[in-house]
Amino acid sequence: MNHVPVAEVPFEPVFTGPALAKLEALFPLYPTKQACLLPALWIVQETRGWIAPAAMAEVAALLDVTPAYVRGVVTFYTMYHQHPMGRHVIQVCTTSPCHLCGAGETLKAILKETGCRELGATSPDGRFTVVEAECLGACGFATPILVGNDFIESVTPERVPGLLQRYE
Amino acid sequence: MGYPHPIHSSETPVLSTHFGDAPARTVAGWQERGGYAALKAALAMAPTEIIDTVKASGLRGRGGAGFPTGLKWSFMPTGDGKPHYLVCNADESEPGTFKDREIMRWTPHALIEGCAIASYAIGAEQCYIYIRGEFTEPWSIMEAAVAEAYAEGVLGDHAMGSKHRIDMVLHRGAGAYICGEETALMNSLEGKRGNPRIKPPFPAQAGLFGRPTTINNVETLAAVPHILTRGAEWYAGLCAGNKKSTGTKLISVCGHVMKPGNYELTMGTAMSELIFDMCGGMRPGRTLKAVIPGGSSVPILNAAEADTCILDYEGVVEAGSMLGSGGMIVMDDSTDMVYEIYRLAKFYAHESCAQCTQCREGTAWTTKILARILAGKGTVEDLDLLLDLADNMTGKTICVLSDSCAAPVVSGIKKFRNEFDDYLTAKKAPVLVGI
Ligand SMILES: Cc1cc2nc3c(=O)[nH]c(=O)nc-3n(C[C@H](O)[C@H](O)[C@H](O)COP(=O)(O)O)c2cc1C
Ligand code: SF4
Ligand code: FES
């Protein structure tokens, strides 16, 4: 896919209209504005698919912290994307309990089906980005995967093509 | 009703009674099943009376450390005039553990009720439930349940029609195992990186937003309503004679058993009964090789140790490990122990918050050395190096993530030394390439 270089995309503020209202509704729930940082970053990611440096600066201004501080927090948490991703991000658990039950094979099948050459890369059609996840808290249902917000249990290589079909 | 399997006759369903029973997810459904009676009763009791009941029940924290819950609550100051907080730890990320998820998915009101009772008992009007970011389904179910609890007057300015205010907010994590550590979780909730804090001060003195805070695991809090309804004596009687470990425990079983899933056991049940009877044993033709009994952070047991292990806090220590969070990882004779230990080390290296040198360097080097061994490039000295590293990683850091990485390595080398030797002597072909 031809990405427009990040710097050339004009930045549209995230926090206008409903997104701003959603954030402002959170302020009274916490004694500090800073506590709304993780929720604010979730709003950015849900609206834009990833968290651009300009969005970090926007969040910083709204919560009275510095952009560098926001970046420090963003980089700590694996679920926040600092780059544009495929339309559907697939997280596949490969930690020991799932590995014991064939997670490695499931991951291979997912990479093959999506056409993603390697972990973290987006498929040429822009549909998927596949990442390895550490324990997803469903080890008795190996192998669990997350496709966007859809949590899917007991994924085997055979089930992969059918499961991914409905993601445009 | 059991989930995903029917309840086994040797189980003692208390928390799991309504797993798989979707109508239990509404306020009305919960009340029909006896729910919210405990909260109503609690709000008419003195907070100290509730704390004394929980103390007498013998309930210990189900998040991993097994600290007595009533005692923890009693550390909260009284009459200090400051806001207090209850934090519910729903970050469940310990490999092998998947019980809190089922509590939230099937019985969200059990958790809300437990949280509300605990909040009142510790003088908190505000409760935060911190749910790991990957738990999208439990999140939506909890979100709907909290909204309904407000609409029905269970929560809010006059909880259950009383004069007490109880507010509850769900907070979403964003992918970091370390945020399950209680002080890291508080930092994360405050909008910071999830670095654990140096203790003291303990949360009861200065916790979330610097104010007196109690933090408890989902399973711990969900047990509280049952204790109030059925009595401390009933709960304390749920054991096999060891009065230090009481009640039921959800054991998550995963790995090489025929029927993985959550099993609710009376404390003191034999591990062999769980594995070979309730879970249907090993796959055909396979034998048991090892069990990690308490989530990935505890020492590995070999088959002989597992065979005689009693599942309660003291029993698992006696067998050479810890009950931890009750996430049991079962491995059969097809398992490559060196690879699995490497994969666990890789987990800890990925999840280290990197504040402490021993942990940051130790987890990374442990992973590299294990990879080298798996690539057929290890030497006998590497085993000493691993043990030396593990020694430096134990008991020396701000939190115990570092110790958790060392535990499987040390026990693995001790109990499965031959498997390491096979790689070192090229008896076994390398499984990792390009290292
Ligand atoms: C690295 C690390 C991760 C932890 N993860 C969790 C977790 O995911 N859930 C949890 O309840 N406790 C977790 N704990 C334990 C908590 O720090 C804390 O002891 C617990 O939430 C207290 O609740 P309890 O007394 O009800 O068990 C973790 C501890 C450490 C050191
Ligand atoms: S032991 Fe590891 S995870 Fe814990 S505080 Fe130190 S560096 Fe962070
Ligand atoms: S190890 Fe895969 S979900 Fe826990």
# chains A, B, ... in the order shown; residues from 1 in each chain; ligands from 1

$ residues_around --residues "B:Thr136" --least-positions-apart "2" --cutoff "12 Å" --atoms "only C-alpha atoms" --output "list in words"
Leu136, Gly137, Ile145, Leu146, Val147, Gly148, Asn149, Asp150, Phe151 and Ile152 of chain A; Arg101, Met104, Arg105, Ile131, Arg132, Gly133, Glu134, Pro138, Trp139, Ser140, Ile141, Met142, Glu143, Arg172, Gly173 and Ala174 of chain B

$ residues_near_ligand --ligand "ligand 2" --cutoff "12 Å" --atoms "only C-alpha atoms and all ligand atoms" --output "CSV table (one decimal) with C-alpha atoms, in the first residue's frame"
chain,number,residue,atom,x,y,z
A,76,PHE,CA,4.8,2.1,27.5
B,176,ALA,CA,1.0,-4.2,29.9
B,177,TYR,CA,1.3,-7.2,32.2
B,178,ILE,CA,3.1,-5.1,34.9
B,179,CYS,CA,0.0,-3.0,35.4
B,180,GLY,CA,-1.4,-6.0,37.4
B,181,GLU,CA,1.1,-5.2,40.1
B,182,GLU,CA,-0.9,-3.1,42.5
B,183,THR,CA,1.2,0.0,42.6
B,184,ALA,CA,1.9,-0.1,38.9
B,185,LEU,CA,-1.8,-0.3,38.4
B,193,ARG,CA,3.6,4.7,32.8
B,194,GLY,CA,2.9,1.5,34.7
B,195,ASN,CA,6.0,1.5,36.9
B,196,PRO,CA,5.7,-0.2,40.3
B,197,ARG,CA,6.3,2.1,43.3
B,198,ILE,CA,8.7,1.5,46.1
B,199,LYS,CA,6.9,0.4,49.3
B,347,PHE,CA,7.4,-13.0,28.2
B,348,TYR,CA,9.1,-11.5,31.3
B,349,ALA,CA,11.7,-9.7,29.3
B,350,HIS,CA,9.0,-8.1,27.2
B,351,GLU,CA,6.9,-7.1,30.2
B,352,SER,CA,9.7,-5.8,32.5
B,353,CYS,CA,9.1,-2.1,33.2
B,354,ALA,CA,12.9,-1.7,33.1
B,355,GLN,CA,13.2,0.4,36.3
B,356,CYS,CA,15.5,-2.1,38.1
B,357,THR,CA,18.8,-3.1,36.6
B,358,GLN,CA,18.6,-6.7,37.8
B,359,CYS,CA,15.2,-7.1,36.1
B,360,ARG,CA,15.8,-5.2,32.9
B,361,GLU,CA,19.2,-6.9,32.3
B,362,GLY,CA,18.4,-10.2,33.9
B,363,THR,CA,15.2,-10.9,32.0
B,364,ALA,CA,16.9,-9.9,28.7
B,392,ASN,CA,20.8,-11.7,41.2
B,393,MET,CA,17.2,-11.3,40.1
B,394,THR,CA,15.6,-12.7,43.2
B,395,GLY,CA,14.6,-10.5,46.2
B,396,LYS,CA,16.5,-7.4,45.0
B,397,THR,CA,14.0,-5.4,42.9
B,398,ILE,CA,11.1,-3.0,43.4
B,399,CYS,CA,8.5,-5.7,42.5
B,400,VAL,CA,8.6,-9.4,42.1
B,401,LEU,CA,8.4,-9.6,38.3
B,402,SER,CA,12.1,-10.2,38.3
B,403,ASP,CA,11.8,-13.1,40.8
B,404,SER,CA,9.0,-14.5,38.6
B,405,CYS,CA,11.3,-14.8,35.6
B,406,ALA,CA,13.9,-16.6,37.8

$ interface_residues --of "chain A" --to "chain B" --cutoff "8 Å" --atoms "only C-alpha atoms" --output "NGL selection string"
:A and (29 or 31-32 or 34-39 or 72-73 or 76-80 or 95-98 or 100-101 or 134-141 or 146 or 149-151)

$ atom_distance --atom1 "atom CA of B:Lys72" --atom2 "atom 31 (C, counted along the ligand's line) of ligand 1"
16.9 Å

$ residues_around --residues "stretch 231-237 of chain B" --least-positions-apart "3" --cutoff "12 Å" --atoms "only C-alpha atoms" --output "NGL selection string"
:B and (12 or 14 or 38 or 49-60 or 70 or 223-228 or 240-249 or 266-268)

$ select_by_dssp --residues "stretch 251-326 of chain B" --states "strand (DSSP E or B)" --output "list in words"
Ile251, Ser252, Val253, Cys254, Gly255, Gly261, Asn262, Tyr263, Glu264, Leu265, Thr266, Thr269, Ala270, Leu288, Lys289, Ala290, Val291, Ile292, Pro293, Gly295, Leu301, Asn302, Ile310 and Leu311 of chain B

$ write_last_selection --atoms "N, CA and C atoms" --output "short mmCIF file (atom, residue, chain, number, x, y, z; two decimals), in the first residue's frame"
data_model
loop_
_atom_site.label_atom_id
_atom_site.label_comp_id
_atom_site.auth_asym_id
_atom_site.auth_seq_id
_atom_site.Cartn_x
_atom_site.Cartn_y
_atom_site.Cartn_z
N ILE B 251 -9.67 -22.64 39.90
CA ILE B 251 -8.39 -23.03 39.32
C ILE B 251 -8.59 -23.05 37.81
N SER B 252 -7.77 -22.26 37.12
CA SER B 252 -7.82 -22.26 35.66
C SER B 252 -6.84 -23.33 35.20
N VAL B 253 -7.30 -24.28 34.44
CA VAL B 253 -6.39 -25.32 33.97
C VAL B 253 -6.23 -25.19 32.46
N CYS B 254 -4.97 -25.14 32.01
CA CYS B 254 -4.72 -25.05 30.57
C CYS B 254 -3.55 -25.96 30.20
N GLY B 255 -3.24 -26.02 28.94
CA GLY B 255 -2.16 -26.89 28.49
C GLY B 255 -2.70 -28.24 28.07
N GLY B 261 -10.14 -25.56 31.37
CA GLY B 261 -11.24 -24.69 31.80
C GLY B 261 -11.07 -24.29 33.25
N ASN B 262 -12.09 -23.65 33.80
CA ASN B 262 -12.06 -23.26 35.20
C ASN B 262 -12.77 -24.30 36.05
N TYR B 263 -12.16 -24.64 37.16
CA TYR B 263 -12.74 -25.61 38.08
C TYR B 263 -12.76 -24.97 39.45
N GLU B 264 -13.90 -24.98 40.10
CA GLU B 264 -13.97 -24.37 41.43
C GLU B 264 -13.86 -25.45 42.49
N LEU B 265 -12.80 -25.35 43.27
CA LEU B 265 -12.48 -26.40 44.23
C LEU B 265 -12.50 -25.89 45.66
N THR B 266 -12.88 -26.76 46.57
CA THR B 266 -12.68 -26.46 47.98
C THR B 266 -11.19 -26.52 48.23
N THR B 269 -8.12 -29.69 47.93
CA THR B 269 -8.34 -30.76 46.97
C THR B 269 -6.99 -31.21 46.40
N ALA B 270 -6.89 -32.50 46.05
CA ALA B 270 -5.64 -33.02 45.49
C ALA B 270 -5.50 -32.61 44.03
N LEU B 288 1.97 -37.31 32.12
CA LEU B 288 2.23 -36.01 32.72
C LEU B 288 3.74 -35.81 32.92
N LYS B 289 4.23 -34.64 32.50
CA LYS B 289 5.64 -34.34 32.74
C LYS B 289 5.81 -33.26 33.80
N ALA B 290 5.05 -32.19 33.71
CA ALA B 290 5.27 -31.06 34.63
C ALA B 290 4.01 -30.23 34.78
N VAL B 291 3.95 -29.51 35.91
CA VAL B 291 2.84 -28.59 36.14
C VAL B 291 3.40 -27.28 36.72
N ILE B 292 2.98 -26.17 36.15
CA ILE B 292 3.24 -24.88 36.81
C ILE B 292 1.91 -24.51 37.46
N PRO B 293 1.86 -24.55 38.81
CA PRO B 293 0.55 -24.54 39.46
C PRO B 293 -0.09 -23.18 39.68
N GLY B 295 0.05 -19.95 37.92
CA GLY B 295 0.38 -18.91 36.96
C GLY B 295 1.87 -19.02 36.70
N LEU B 301 6.66 -27.77 38.94
CA LEU B 301 6.65 -29.05 39.66
C LEU B 301 6.84 -30.17 38.66
N ASN B 302 7.58 -31.21 39.04
CA ASN B 302 7.64 -32.38 38.16
C ASN B 302 6.44 -33.28 38.45
N ILE B 310 -1.21 -30.91 47.28
CA ILE B 310 -2.54 -30.52 47.76
C ILE B 310 -2.76 -29.06 47.36
N LEU B 311 -3.91 -28.81 46.77
CA LEU B 311 -4.16 -27.45 46.29
C LEU B 311 -4.74 -26.54 47.38
#

$ closest_residue --among "B:Phe276, B:Phe75, B:Trp106, B:Tyr313" --to "B:Pro203" --atoms "only C-alpha atoms"
B:Phe75

$ closest_residue --among "B:Leu221, B:Ala121, B:Leu208, B:Ala116" --to "ligand 1" --atoms "only C-alpha atoms and all ligand atoms"
B:Leu221
